[in-house]
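Accompanying notes for the structure given below.
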Amino acid sequence: MASSTSPLAAALALLDRQGLLPTSLKSAELREKLSARVRGLAVFSARQDNAEYLQEVKDVTGKVLTGEMSSAEARTILGDKLAALRVPAADGDELTDHTSVSRRDLVVQTRVDILRGYGNQVAAQDENALWAAPAQELYRLFATGKQRDWEQRWQDAGGEFFDGRMIAKINDPVWQNLGTGAGGYADTLGNPYPPFAFNSGMDVREVPRYEAEELGVIGRGEEIAAADVDLPEFEAGVGALDGELQRALAADGELEVRDGVLGLRNRANSKRQVSNKTQISMFKNRIALALRICNRARRLQAEGLLS
Amino acid sequence: MITVTVSDNVTPSLNRLAARLNSPAKAALVAATEVRGLLIAHYQKKNAEKHRNVFKKTNWWAKVARSVTRPHLEADGAVVSVTEPGVMAHYTGATIRPKNGKYLAIPARQEAAGKWPREFNNLYFVKFRNGTAALMAGAAKTGKKYAGRKGLGGKQDAGLIFYFLTKTSKLRADKTALPASADIDAAALRGINKYLEKTK
């Protein structure tokens, strides 16, 4: 029997091809300014401009994917890296603070889930796999704290319901529409495969051919064409991201790369984001040190040890 | 990683379907698709069960469900894998030893569940008279401060034990970390028989 691509191999191959993208752009700016193509080829995190940290993110992602490392261990290693790079805690909510447990957890889990989703999407395109399971269903795998209205999102994305279930053919445009946030949703990840949004409990499962035919999702004997899910210049190695980034920069006059960091023109890229609390603390420390030096000098002068 | 295969009990039906479809690959994927569905449903149910201790849910079994790969073909059949780290250790049981350091840290409270001690900034090493070692929050007269980073932890936690420390821990084998073989075979046969009925 001829072999087909394993989802894990596809995921690891994509990870290997991804280049580091230090950036000062926020989440919404990344979505707006960079195509899914560029984002798919990059290892990045909103407002994370340190390439060394991004390399660590890439490394731990690979180890979690292969089962060598738990996500808890990965998260701790990222914390160690941030400490070594002296990245201070930032003001604001936990998800915008790179050092917080929540943010590191989100970074690891989202990257791993996206790569798994990609790997499964590649495996689903095999002609025999498309025959055996020509459709898939969007369903809730587990409950999350704040649940989105996925039935509404499904409708907004152009999806149909079959016996109340959100089912569509494997390469139906509804999947990309879900990922792009059709209907005006800004929390999506841009991919035609899960996870479709941050911290989502939704997933997809195959609908076998006999069931898809019974429900009327496909016609009897209908063949589904494979989609090309490989990202462009897949074999081009690390140059792939650079090429796409050049195109993005040429197309959008607001974007620039300065000191290796992608950002907006006329907005300063901060090499190190120092919180207000830390700045005040650093200022006080400097004043205290200056006073100690003055006092010491006065004492030495009084003792005649200093002219 | 666990790779799931069906037993020889399934082979006669699989061969009949392969002949009917004129494609062993399609037959194998039909069976594997049903098996994947079974695995996902199994882990989804485990995730929904009440946890035996009082700590908050971490949805670990849901992550396991998410890690079940779509079937792909290899030379001798279709393969479905469960790739979430730690699943095999749950299934076979394991003796866990610390990778770095002398102790394993076992969460003693909800706040500690799913986190590593280094993520707290206020834990102290303490050893009780009976030899039990622990990481306690807040100031301890005789305890040594654990070199955690600026992170979690606050004054309100003072005096609380966050982790018990142990040199090894036994993870008991949990055979429900996979569905029973008979159920896996039944899922594969279910898919195969559906197609055999439809293509009579």
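Here, A, B, ... name the chains of the structure tokens in the order displayed, residue numbers run from 1 inside each chain, and ligands are numbered from 1 in the same displayed order.
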Mind running segment 41-118 of chain A against segment 117-140 of chain B at 9 Å and telling me each contacting residue's nearest atom pair with the distance in Å (one decimal), counting only C-alpha atoms, chain and number ascending, as JSON lines?
```
{"residue": "A:Thr76", "atom": "CA", "partner": "B:Glu119", "partner_atom": "CA", "distance": 7.3}
{"residue": "A:Gly79", "atom": "CA", "partner": "B:Glu119", "partner_atom": "CA", "distance": 7.9}
{"residue": "A:Asp80", "atom": "CA", "partner": "B:Arg118", "partner_atom": "CA", "distance": 8.8}
{"residue": "A:Val101", "atom": "CA", "partner": "B:Glu119", "partner_atom": "CA", "distance": 7.6}
```
Please build the interface table for chain B against chain A with a cut-off of 7 Å, listing for each qualifying residue the nearest atom pair and the distance in Å to one decimal; count only C-alpha atoms, order rows by chain and increasing number, and write it as JSON lines.
```
{"residue": "B:Met1", "atom": "CA", "partner": "A:Gly67", "partner_atom": "CA", "distance": 6.4}
{"residue": "B:Ala25", "atom": "CA", "partner": "A:Asn128", "partner_atom": "CA", "distance": 6.5}
{"residue": "B:Lys26", "atom": "CA", "partner": "A:Asn128", "partner_atom": "CA", "distance": 5.3}
{"residue": "B:Leu29", "atom": "CA", "partner": "A:Ala132", "partner_atom": "CA", "distance": 6.1}
{"residue": "B:Val30", "atom": "CA", "partner": "A:Ala132", "partner_atom": "CA", "distance": 5.3}
{"residue": "B:Gln44", "atom": "CA", "partner": "A:Leu141", "partner_atom": "CA", "distance": 6.5}
{"residue": "B:Ala62", "atom": "CA", "partner": "A:Phe142", "partner_atom": "CA", "distance": 6.5}
{"residue": "B:Thr69", "atom": "CA", "partner": "A:Pro7", "partner_atom": "CA", "distance": 6.4}
{"residue": "B:Arg70", "atom": "CA", "partner": "A:Asn120", "partner_atom": "CA", "distance": 5.5}
{"residue": "B:His72", "atom": "CA", "partner": "A:Ser6", "partner_atom": "CA", "distance": 5.6}
{"residue": "B:Leu73", "atom": "CA", "partner": "A:Ser3", "partner_atom": "CA", "distance": 4.7}
{"residue": "B:Glu74", "atom": "CA", "partner": "A:Ser3", "partner_atom": "CA", "distance": 4.4}
{"residue": "B:Ala75", "atom": "CA", "partner": "A:Met1", "partner_atom": "CA", "distance": 4.8}
{"residue": "B:Asp76", "atom": "CA", "partner": "A:Met1", "partner_atom": "CA", "distance": 6.5}
{"residue": "B:Thr83", "atom": "CA", "partner": "A:Gly67", "partner_atom": "CA", "distance": 6.1}
{"residue": "B:Glu84", "atom": "CA", "partner": "A:Gly67", "partner_atom": "CA", "distance": 5.9}
{"residue": "B:Pro85", "atom": "CA", "partner": "A:Gly67", "partner_atom": "CA", "distance": 4.2}
{"residue": "B:Gly114", "atom": "CA", "partner": "A:Ala72", "partner_atom": "CA", "distance": 6.9}
{"residue": "B:Lys115", "atom": "CA", "partner": "A:Ala72", "partner_atom": "CA", "distance": 6.7}
{"residue": "B:Tyr195", "atom": "CA", "partner": "A:Tyr210", "partner_atom": "CA", "distance": 6.9}
```
*Can you tell me, as a PyMOL selection string, what residues are no more than 7 Å from Thr188 of chain A when counting only C-alpha atoms, ignoring any on the same chain fewer than 6 positions away?*
chain A and resi 179-181+196-198
Could you take the residues named above and write them with all heavy atoms, as a compact mmCIF listing (two decimals), in the first residue's frame?
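The new file again-v1.txt reads:
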```txt
# COMPACT_ATOMS: atom_id res chain seq x y z
N GLY A 179 -12.07 30.79 9.74
CA GLY A 179 -10.73 31.17 10.19
C GLY A 179 -10.45 32.66 10.00
O GLY A 179 -9.72 33.26 10.78
N THR A 180 -11.05 33.23 8.96
CA THR A 180 -10.82 34.65 8.67
C THR A 180 -11.73 35.55 9.52
O THR A 180 -11.52 36.75 9.58
CB THR A 180 -11.10 34.93 7.18
OG1 THR A 180 -10.54 33.88 6.41
CG2 THR A 180 -10.48 36.24 6.75
N GLY A 181 -12.73 34.94 10.17
CA GLY A 181 -13.62 35.74 11.02
C GLY A 181 -14.74 36.40 10.26
O GLY A 181 -15.15 37.52 10.62
N PHE A 196 -9.80 27.71 15.38
CA PHE A 196 -10.26 28.84 14.57
C PHE A 196 -10.14 30.16 15.31
O PHE A 196 -10.18 31.21 14.68
CB PHE A 196 -11.71 28.59 14.13
CG PHE A 196 -11.83 27.45 13.17
CD1 PHE A 196 -12.37 26.23 13.57
CD2 PHE A 196 -11.40 27.56 11.86
CE1 PHE A 196 -12.46 25.16 12.69
CE2 PHE A 196 -11.48 26.50 10.96
CZ PHE A 196 -12.02 25.30 11.38
N ALA A 197 -10.02 30.08 16.64
CA ALA A 197 -9.89 31.31 17.44
C ALA A 197 -9.06 31.00 18.68
O ALA A 197 -8.87 29.84 19.03
CB ALA A 197 -11.27 31.83 17.84
N PHE A 198 -8.60 32.05 19.36
CA PHE A 198 -7.80 31.87 20.57
C PHE A 198 -8.59 31.17 21.66
O PHE A 198 -9.77 31.44 21.85
CB PHE A 198 -7.35 33.25 21.10
CG PHE A 198 -6.34 33.92 20.24
CD1 PHE A 198 -6.70 34.99 19.44
CD2 PHE A 198 -5.03 33.47 20.21
CE1 PHE A 198 -5.76 35.62 18.63
CE2 PHE A 198 -4.09 34.09 19.40
CZ PHE A 198 -4.45 35.17 18.61
```
*Could you pull the residues within 6 Å of segment 41-55 of chain A, counting only C-alpha atoms, minus those fewer than 5 positions along the same chain, as a PyMOL selection string?*
chain A and resi 18-27+241+261
_Within 10 Å of Ala186 of chain B using only C-alpha atoms, minus same-chain residues under 6 positions, as a PyMOL selection string_ = chain B and resi 6+9-10+31+34-35+38+180+192
_To one decimal place in Å, what is the distance between atom CA of Tyr43 of chain B and atom CA of Leu178 of chain B?_
8.4 Å
Polymer residues at most 12 Å from His42 of chain B, only C-alpha atoms, same-chain spacing of 4 or more positions, as an mmCIF file with all heavy atoms, in the first residue's frame:
```cif
data_model
loop_
_atom_site.group_PDB
_atom_site.id
_atom_site.type_symbol
_atom_site.label_atom_id
_atom_site.label_comp_id
_atom_site.auth_asym_id
_atom_site.auth_seq_id
_atom_site.Cartn_x
_atom_site.Cartn_y
_atom_site.Cartn_z
ATOM 1 N N LEU A 141 -15.472 20.439 21.633
ATOM 2 C CA LEU A 141 -14.717 19.367 22.273
ATOM 3 C C LEU A 141 -14.749 19.519 23.793
ATOM 4 O O LEU A 141 -14.895 18.544 24.514
ATOM 5 C CB LEU A 141 -13.269 19.396 21.766
ATOM 6 C CG LEU A 141 -12.273 18.441 22.414
ATOM 7 C CD1 LEU A 141 -12.701 16.999 22.246
ATOM 8 C CD2 LEU A 141 -10.880 18.635 21.789
ATOM 9 N N VAL B 35 -12.184 4.587 13.960
ATOM 10 C CA VAL B 35 -11.362 4.422 15.168
ATOM 11 C C VAL B 35 -10.990 5.789 15.727
ATOM 12 O O VAL B 35 -11.024 6.026 16.937
ATOM 13 C CB VAL B 35 -10.106 3.577 14.865
ATOM 14 C CG1 VAL B 35 -9.127 3.625 16.035
ATOM 15 C CG2 VAL B 35 -10.497 2.134 14.567
ATOM 16 N N ARG B 36 -10.652 6.719 14.841
ATOM 17 C CA ARG B 36 -10.317 8.072 15.309
ATOM 18 C C ARG B 36 -11.511 8.694 16.022
ATOM 19 O O ARG B 36 -11.381 9.313 17.081
ATOM 20 C CB ARG B 36 -9.871 8.950 14.148
ATOM 21 C CG ARG B 36 -9.453 10.340 14.651
ATOM 22 C CD ARG B 36 -8.959 11.261 13.559
ATOM 23 N NE ARG B 36 -8.383 12.460 14.164
ATOM 24 C CZ ARG B 36 -8.852 13.691 13.985
ATOM 25 N NH1 ARG B 36 -9.905 13.903 13.213
ATOM 26 N NH2 ARG B 36 -8.268 14.726 14.584
ATOM 27 N N GLY B 37 -12.703 8.517 15.409
ATOM 28 C CA GLY B 37 -13.915 9.043 16.049
ATOM 29 C C GLY B 37 -14.116 8.457 17.432
ATOM 30 O O GLY B 37 -14.484 9.159 18.379
ATOM 31 N N LEU B 38 -13.842 7.158 17.568
ATOM 32 C CA LEU B 38 -13.981 6.502 18.871
ATOM 33 C C LEU B 38 -13.006 7.082 19.890
ATOM 34 O O LEU B 38 -13.373 7.381 21.035
ATOM 35 C CB LEU B 38 -13.722 4.995 18.724
ATOM 36 C CG LEU B 38 -13.614 4.236 20.044
ATOM 37 C CD1 LEU B 38 -14.987 4.030 20.654
ATOM 38 C CD2 LEU B 38 -12.930 2.874 19.844
ATOM 39 N N LYS B 46 -13.767 11.232 29.020
ATOM 40 C CA LYS B 46 -12.844 11.246 30.174
ATOM 41 C C LYS B 46 -12.655 12.680 30.679
ATOM 42 O O LYS B 46 -12.553 12.926 31.862
ATOM 43 C CB LYS B 46 -11.483 10.651 29.806
ATOM 44 C CG LYS B 46 -11.423 9.131 29.934
ATOM 45 C CD LYS B 46 -10.026 8.603 29.674
ATOM 46 C CE LYS B 46 -9.110 8.660 30.877
ATOM 47 N NZ LYS B 46 -9.473 7.778 31.978
ATOM 48 N N ASN B 47 -12.587 13.613 29.748
ATOM 49 C CA ASN B 47 -12.376 15.002 30.127
ATOM 50 C C ASN B 47 -13.565 15.558 30.911
ATOM 51 O O ASN B 47 -13.414 16.393 31.784
ATOM 52 C CB ASN B 47 -12.146 15.862 28.879
ATOM 53 C CG ASN B 47 -11.651 17.253 29.224
ATOM 54 O OD1 ASN B 47 -10.564 17.401 29.765
ATOM 55 N ND2 ASN B 47 -12.440 18.252 28.926
ATOM 56 N N ALA B 48 -14.745 15.048 30.585
ATOM 57 C CA ALA B 48 -15.957 15.546 31.229
ATOM 58 C C ALA B 48 -16.192 14.923 32.599
ATOM 59 O O ALA B 48 -16.996 15.422 33.385
ATOM 60 C CB ALA B 48 -17.164 15.279 30.328
ATOM 61 N N GLU B 49 -15.448 13.850 32.909
ATOM 62 C CA GLU B 49 -15.655 13.171 34.196
ATOM 63 C C GLU B 49 -15.175 14.059 35.323
ATOM 64 O O GLU B 49 -14.235 14.829 35.167
ATOM 65 C CB GLU B 49 -14.856 11.851 34.231
ATOM 66 C CG GLU B 49 -15.513 10.724 33.483
ATOM 67 C CD GLU B 49 -14.558 9.561 33.215
ATOM 68 O OE1 GLU B 49 -13.418 9.554 33.731
ATOM 69 O OE2 GLU B 49 -14.961 8.663 32.467
ATOM 70 N N TRP B 61 -7.380 15.850 29.219
ATOM 71 C CA TRP B 61 -7.884 14.805 28.323
ATOM 72 C C TRP B 61 -8.452 15.398 27.033
ATOM 73 O O TRP B 61 -8.437 14.744 25.980
ATOM 74 C CB TRP B 61 -8.925 13.941 29.043
ATOM 75 C CG TRP B 61 -8.304 13.028 30.051
ATOM 76 C CD1 TRP B 61 -8.402 13.115 31.405
ATOM 77 C CD2 TRP B 61 -7.448 11.901 29.802
ATOM 78 N NE1 TRP B 61 -7.663 12.117 32.016
ATOM 79 C CE2 TRP B 61 -7.072 11.357 31.041
ATOM 80 C CE3 TRP B 61 -6.955 11.291 28.638
ATOM 81 C CZ2 TRP B 61 -6.250 10.233 31.174
ATOM 82 C CZ3 TRP B 61 -6.135 10.176 28.769
ATOM 83 C CH2 TRP B 61 -5.782 9.656 30.020
ATOM 84 N N ALA B 62 -8.910 16.626 27.089
ATOM 85 C CA ALA B 62 -9.361 17.289 25.858
ATOM 86 C C ALA B 62 -8.149 17.564 24.954
ATOM 87 O O ALA B 62 -8.240 17.440 23.724
ATOM 88 C CB ALA B 62 -10.089 18.592 26.169
ATOM 89 N N VAL B 64 -5.577 15.717 24.898
ATOM 90 C CA VAL B 64 -5.256 14.399 24.335
ATOM 91 C C VAL B 64 -6.148 14.138 23.122
ATOM 92 O O VAL B 64 -5.669 13.688 22.077
ATOM 93 C CB VAL B 64 -5.429 13.278 25.392
ATOM 94 C CG1 VAL B 64 -5.226 11.908 24.754
ATOM 95 C CG2 VAL B 64 -4.458 13.472 26.542
ATOM 96 N N ALA B 65 -7.444 14.467 23.259
ATOM 97 C CA ALA B 65 -8.370 14.275 22.132
ATOM 98 C C ALA B 65 -7.893 15.072 20.918
ATOM 99 O O ALA B 65 -7.923 14.591 19.784
ATOM 100 C CB ALA B 65 -9.779 14.722 22.527
ATOM 101 N N ARG B 66 -7.464 16.285 21.171
ATOM 102 C CA ARG B 66 -7.002 17.144 20.076
ATOM 103 C C ARG B 66 -5.745 16.616 19.414
ATOM 104 O O ARG B 66 -5.427 16.962 18.291
ATOM 105 C CB ARG B 66 -6.713 18.529 20.636
ATOM 106 C CG ARG B 66 -7.325 19.606 19.804
ATOM 107 C CD ARG B 66 -7.197 20.928 20.393
ATOM 108 N NE ARG B 66 -8.418 21.648 20.097
ATOM 109 C CZ ARG B 66 -8.741 22.807 20.606
ATOM 110 N NH1 ARG B 66 -7.950 23.379 21.478
ATOM 111 N NH2 ARG B 66 -9.859 23.403 20.276
ATOM 112 N N VAL B 68 -5.128 13.517 18.704
ATOM 113 C CA VAL B 68 -5.362 12.299 17.922
ATOM 114 C C VAL B 68 -5.274 12.668 16.441
ATOM 115 O O VAL B 68 -6.041 13.503 15.958
ATOM 116 C CB VAL B 68 -6.744 11.682 18.226
ATOM 117 C CG1 VAL B 68 -6.959 10.425 17.382
ATOM 118 C CG2 VAL B 68 -6.877 11.360 19.709
ATOM 119 N N THR B 176 -7.667 2.843 31.018
ATOM 120 C CA THR B 176 -8.698 3.621 30.308
ATOM 121 C C THR B 176 -8.071 4.782 29.546
ATOM 122 O O THR B 176 -8.790 5.576 28.934
ATOM 123 C CB THR B 176 -9.761 4.172 31.280
ATOM 124 O OG1 THR B 176 -9.162 5.161 32.122
ATOM 125 C CG2 THR B 176 -10.373 3.071 32.119
ATOM 126 N N ALA B 177 -6.734 4.884 29.581
ATOM 127 C CA ALA B 177 -6.066 5.898 28.759
ATOM 128 C C ALA B 177 -6.229 5.574 27.269
ATOM 129 O O ALA B 177 -5.914 6.394 26.413
ATOM 130 C CB ALA B 177 -4.592 6.007 29.121
ATOM 131 N N LEU B 178 -6.673 4.372 26.991
ATOM 132 C CA LEU B 178 -7.059 3.976 25.628
ATOM 133 C C LEU B 178 -8.382 3.249 25.742
ATOM 134 O O LEU B 178 -8.613 2.557 26.747
ATOM 135 C CB LEU B 178 -6.046 2.993 25.053
ATOM 136 C CG LEU B 178 -4.949 3.476 24.116
ATOM 137 C CD1 LEU B 178 -4.176 2.273 23.576
ATOM 138 C CD2 LEU B 178 -5.507 4.294 22.968
ATOM 139 N N PRO B 179 -9.241 3.303 24.738
ATOM 140 C CA PRO B 179 -10.434 2.449 24.779
ATOM 141 C C PRO B 179 -9.995 0.984 24.758
ATOM 142 O O PRO B 179 -8.891 0.667 24.318
ATOM 143 C CB PRO B 179 -11.176 2.807 23.486
ATOM 144 C CG PRO B 179 -10.570 4.079 23.006
ATOM 145 C CD PRO B 179 -9.193 4.147 23.538
ATOM 146 N N ALA B 180 -10.853 0.112 25.224
ATOM 147 C CA ALA B 180 -10.541 -1.321 25.208
ATOM 148 C C ALA B 180 -10.347 -1.799 23.774
ATOM 149 O O ALA B 180 -10.983 -1.275 22.844
ATOM 150 C CB ALA B 180 -11.686 -2.100 25.852
ATOM 151 N N ASP B 183 -13.412 -2.547 21.869
ATOM 152 C CA ASP B 183 -14.149 -1.368 21.399
ATOM 153 C C ASP B 183 -13.508 -0.782 20.144
ATOM 154 O O ASP B 183 -14.206 -0.293 19.250
ATOM 155 C CB ASP B 183 -14.190 -0.289 22.497
ATOM 156 C CG ASP B 183 -15.052 -0.719 23.681
ATOM 157 O OD1 ASP B 183 -15.896 -1.622 23.496
ATOM 158 O OD2 ASP B 183 -14.873 -0.170 24.785
ATOM 159 N N ILE B 184 -12.174 -0.820 20.100
ATOM 160 C CA ILE B 184 -11.472 -0.316 18.915
ATOM 161 C C ILE B 184 -11.832 -1.184 17.717
ATOM 162 O O ILE B 184 -12.166 -0.679 16.630
ATOM 163 C CB ILE B 184 -9.941 -0.299 19.154
ATOM 164 C CG1 ILE B 184 -9.592 0.746 20.230
ATOM 165 C CG2 ILE B 184 -9.185 0.001 17.863
ATOM 166 C CD1 ILE B 184 -8.136 0.752 20.660
ATOM 167 N N ALA B 187 -15.374 -0.477 16.575
ATOM 168 C CA ALA B 187 -15.504 0.769 15.807
ATOM 169 C C ALA B 187 -15.072 0.542 14.364
ATOM 170 O O ALA B 187 -15.747 0.968 13.416
ATOM 171 C CB ALA B 187 -14.661 1.874 16.447
#
```
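Candidate residues B:Pro107, B:Ile2, B:Pro24, B:Asp8 were compared for distance to Ala182 of chain B, and the nearest is B:Asp8, using only C-alpha atoms.
From atom CA of Val217 of chain A back to atom CA of Leu189 of chain A, the distance works out to 26.1 Å.
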